[in-house]
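Undergrad: Got a structure for you, written out below as structure tokens; questions coming shortly.
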Amino acid sequence: MDAVIVGAGLAGLAAADHLAGAGLQVVVLERGDGPGTKNVTGGRLYADSVRDLVADWDGAPWERPVTREAWTLVDGDRSVRVAYDDPGLGGGAPHSYTVLRGRLDPWLGERVAAKGAFVIPQKPVTELLREDGRVAGVRVDGEEIPAEVVIVCDGILSFVGQAAGLRRVPGPGAVAVGIKEVIGLPSGTIEDRFGVGPDEGAAELLLGSFTGGCMGGGFLYTNRESVSVGVVVGVEDLMAGPALGNAPDLLEAFKAHPRVRRLVEGGELLEYAAHLIPEAGAAGVGPVVADGLLLAGDAAGLALNMGYTVRGMEFALASGRMAAQAVVEARERGDASAASLASYERRLKDSFVWRYLDAYRDMPAMLENPDLFGRYPREVCDLLGGLVRLGRDAPAPVGAEVWRFVRRNLLNPRDARFWWKARKLGRQTS
Ligand SMILES: Cc1cc2nc3c(=O)[nH]c(=O)nc-3n(C[C@H](O)[C@H](O)[C@H](O)COP(=O)(O)OP(=O)(O)OC[C@H]3O[C@@H](n4cnc5c(N)ncnc54)[C@H](O)[C@@H]3O)c2cc1C
């Protein structure tokens with residue numbers, strides 16, 4: 001084989017797509033029953049940043065283009081919500097789509113197979129083959145598969161990346177766990193409840209008391225005939241807090257919130273999943289090449305929680321393809337050493353993937369502030385609650401209430417320090 005790819009997620013399949021398209025002999029080994037069976041996302045995929053890659057994905061099983069974004073702060077049953085509607089985000093070449101991995105990954109797997117790659121399920125890679133110190137293939141089911149290069153796309157825990165000495169077991173502070181349901185609803189009901197048209201979709205993120213003080217939040221994404229609903233919580237906070245052992249209850253609490261309940265009630269549970277998510281951002285990305293080996297997608301730590309959205313899928317697609325491009329060049333040079341494959345690292349650092357990871361490198365530290373998940377949502381609800389409760393008493397002095405809010409949450413040493421640091425988010429350092 002010219003290349004063995006470990007893992008048929010988006011990173012692995014994007015790599016195979018490019019290699020097979022370039023005429024290389026490639027095999028993708030997947031431990032699950034097929035592409036999409038082990039893969040979990042929230043799910044929205046930003047298509048704009050990988051437009052050149054998805055441009056010819058005719059017939060791809062996209063769910064809905066996202067034209068409505070909403071962010072909600074939650075305190076108990078109360079909530080404050082900001083929504084942004086922009087039909088321009090849909091149209092001919094939508095900015096982002098909701099997706100179901102159970103549909104997207106098998107479709108991509110078939111596309112890759114049609115180009116001549118072998119996509120083989122139920123093949124958990126257990127070992128790397130080595131020759132003169134360099135990686136020279138893999139062992140699976142006791143069988144050796146020699147290859148010029150191995151592209152490791154085996155997801156967040158990347159046992160194969162660990163075997164190569166490039167990855168370590170991520171600490172609890174470097175990962176979150178996502179618990180998710182897909183709830184079936186008629187398309188018309190979804191459109192009425194979320195306020196979108198037949199060819200439009202919504203992405204909603206919620207933050208606040210339902211995570212029980214843990215770093216994290218909740219999400220809702222509208223698919224064509226289902227809604228993806230889930231919570232994500234930092235594993236370190238989960239281990240330290242009362243929710244430990246009851247993480248699934250956090251999802252139940254989230255679904256019971258009045259705002260969420262009304263959106264999904266009466267639906268049919270179609271899918272239940274839990275999965276880890278990389279949370280370390282740029283600090284979680286280490287070396288991505290060794291002699292005869294490359295890492296891509298979650299296996300390389302390439303995912304980003306930006307606070308108001310999550311990016312991982314298009315990082316996986318883009319990095320898988322960049323790894324494959326480096327393999328094609330290395331093959332032309334007849335040199336699969338780490339030095340030769342380093343063109344992948346350079347491409348990655350030059351790409352939007354690194355631009356975002358770099359600009360948001362302080363995000364994981366910012367998200368350690370528990371006020372984001374308790375006090376701030378409560379204070380915002382208190383402020384607006386005070387303004388809307390009108391009765392016979394003298395009216396609340398609006399200006400004074402707003403000023404009090406600003407002093408309590410911005411203009412004091414503790415909060416000012418936090419918001420001062422936050423101003424650097426989104427600024428590239430290199
Ligand atoms: C709850 C949740 C919400 C998220 N929300 C979003 C979102 O809205 N938008 C976004 O862009 N990203 C989101 N992400 C992140 C995104 O889903 C991931 O970054 C992305 O799926 C990574 O793709 P991948 O191909 O690198 O890894 P994966 O999709 O995890 O694929 C890895 C594959 O490798 C296989 N494998 C593992 N070990 C072996 C082995 N030894 N041998 C053979 N095969 C193996 C696995 O079975 C799997 O199929 C979310 C993640 C979660 C969990």
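Lettering and numbering for the structure tokens are positional, with chains as A, B, ... in the shown order, residues counted from 1 in each chain, and ligands counted from 1 in the shown order.
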Excluding Thr309 of chain A and any residue of its chain fewer than 5 positions from it, enumerate the residues within 12 Å of it, using only C-alpha atoms, and give them as a count of residues only.
TA: 25
Undergrad: Could you list, as a VMD selection string, all residues that come within 7 Å of ligand 1? Count only C-alpha atoms and all ligand atoms.
TA: chain A and resid 6 to 12 29 to 32 35 to 46 123 to 126 153 to 156 158 to 160 177 to 180 230 232 274 to 277 296 to 299 302 to 303 310 to 314 316
Undergrad: If you count only C-alpha atoms, which residues fall within 9 Å of Ala422 of chain A, apart from same-chain ones fewer than 4 positions away, as number ranges by chain?
TA: A: 362-363, 366, 417-418
Undergrad: Keeping N, CA and C atoms for every residue in the selection just given, could you write it to a file as a PDB file, in the first residue's frame?
TA:
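File produced: result.pdb:
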```
ATOM      1  N   ASP A 362      -5.933  31.297  24.247  1.00  0.00           N
ATOM      2  CA  ASP A 362      -6.223  31.566  25.655  1.00  0.00           C
ATOM      3  C   ASP A 362      -7.630  31.115  26.064  1.00  0.00           C
ATOM      4  N   MET A 363      -8.387  30.627  25.107  1.00  0.00           N
ATOM      5  CA  MET A 363      -9.787  30.280  25.402  1.00  0.00           C
ATOM      6  C   MET A 363      -9.926  29.226  26.513  1.00  0.00           C
ATOM      7  N   MET A 366      -9.656  30.885  29.754  1.00  0.00           N
ATOM      8  CA  MET A 366     -10.807  31.767  30.022  1.00  0.00           C
ATOM      9  C   MET A 366     -12.022  30.947  30.478  1.00  0.00           C
ATOM     10  N   ARG A 417     -10.300  42.084  35.601  1.00  0.00           N
ATOM     11  CA  ARG A 417      -9.138  41.287  35.170  1.00  0.00           C
ATOM     12  C   ARG A 417      -9.553  40.275  34.092  1.00  0.00           C
ATOM     13  N   PHE A 418     -10.673  39.604  34.329  1.00  0.00           N
ATOM     14  CA  PHE A 418     -11.154  38.591  33.380  1.00  0.00           C
ATOM     15  C   PHE A 418     -11.492  39.216  32.023  1.00  0.00           C
TER      16      PHE A 418
END
```
Undergrad: Which is closer to Ala15 of chain A than all the others in A:Arg346, A:Arg321, A:Arg355, A:Lys115, using only C-alpha atoms?
TA: A:Arg321
Undergrad: Need the shell around Arg378 of chain A: protein/DNA/RNA residues with any atom at most 12 Å away, counting only C-alpha atoms. Skip same-chain ones fewer than 3 positions apart. Format as JSON, numbers by chain?
TA: {"A": [72, 73, 74, 75, 76, 77, 78, 79, 80, 207, 208, 209, 210, 213, 371, 372, 373, 374, 375, 381, 382, 383, 384, 385, 386, 405, 409]}
Undergrad: Could you save those same residues with C-alpha atoms as a CSV table (one decimal), in the first residue's frame?
TA:
```csv
chain,number,residue,atom,x,y,z
A,72,THR,CA,-28.9,31.8,25.6
A,73,LEU,CA,-27.9,32.4,29.2
A,74,VAL,CA,-29.7,30.2,31.6
A,75,ASP,CA,-30.4,30.6,35.3
A,76,GLY,CA,-32.8,28.0,36.6
A,77,ASP,CA,-36.0,28.3,34.5
A,78,ARG,CA,-35.1,31.8,33.5
A,79,SER,CA,-33.1,32.7,30.3
A,80,VAL,CA,-31.9,35.6,28.2
A,207,LEU,CA,-24.8,28.4,28.9
A,208,GLY,CA,-25.7,28.4,32.5
A,209,SER,CA,-26.9,26.7,35.6
A,210,PHE,CA,-27.9,23.4,33.9
A,213,GLY,CA,-21.4,24.8,37.8
A,371,ASP,CA,-18.7,32.8,36.8
A,372,LEU,CA,-19.4,32.1,33.1
A,373,PHE,CA,-21.6,29.2,34.0
A,374,GLY,CA,-23.3,30.5,37.1
A,375,ARG,CA,-22.9,34.1,38.3
A,381,CYS,CA,-31.3,37.3,34.2
A,382,ASP,CA,-31.6,39.4,37.4
A,383,LEU,CA,-31.1,42.6,35.5
A,384,LEU,CA,-33.7,41.9,32.8
A,385,GLY,CA,-36.0,40.3,35.4
A,386,GLY,CA,-35.9,43.5,37.4
A,405,PHE,CA,-24.9,45.6,36.9
A,409,ASN,CA,-19.8,42.4,36.8
```
Undergrad: Just list as a PyMOL selection string whatever in segment 144-305 of chain A DSSP marks as helix (DSSP H, G or I).
TA: chain A and resi 159-163+172-174+187-194+209-211+235-240+247-256+258-264+281-284+297-300
Undergrad: As a VMD selection string, please: every residue in segment 31-254 of chain A that DSSP puts in strand (DSSP E or B).
TA: chain A and resid 44 to 46 65 to 75 78 to 85 96 to 98 118 to 120 125 to 131 134 to 140 143 to 146 149 to 152 175 to 184 201 to 208 216 to 222 226 to 234
Undergrad: Report the distance between atom CA of Trp420 of chain A and atom CA of Gly284 of chain A in Å, rounded to one decimal place.
TA: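 Straight-line distance from atom CA of Trp420 of chain A to atom CA of Gly284 of chain A works out to 24.3 Å.
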Undergrad: Write out as a list in words the residues lying within 9 Å of Val196 of chain A, counting only C-alpha atoms and excluding same-chain residues fewer than 5 positions away.
TA: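 These residues fall inside the cut-off: Thr67, Arg68, Ile190, Glu191, Gly201 and Ala202 of chain A.
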Undergrad: Hey, can you check how far atom CA of Ala113 of chain A sits from atom CA of Val50 of chain A?
TA: 21.2 Å
Undergrad: Could you work out how far atom CA of Glu63 of chain A lies from atom CA of Tyr272 of chain A, giving the answer in Å with one decimal?
TA: 18.2 Å
Undergrad: If we count only C-alpha atoms and set the cut-off at 9 Å, which residues sit around Ala283 of chain A, ignoring sequence neighbours fewer than 5 positions away in its own chain? Please answer as a list in words.
TA: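 Once the adjacent positions are removed, what remains is Gly301, Leu357 and Arg361 of chain A.
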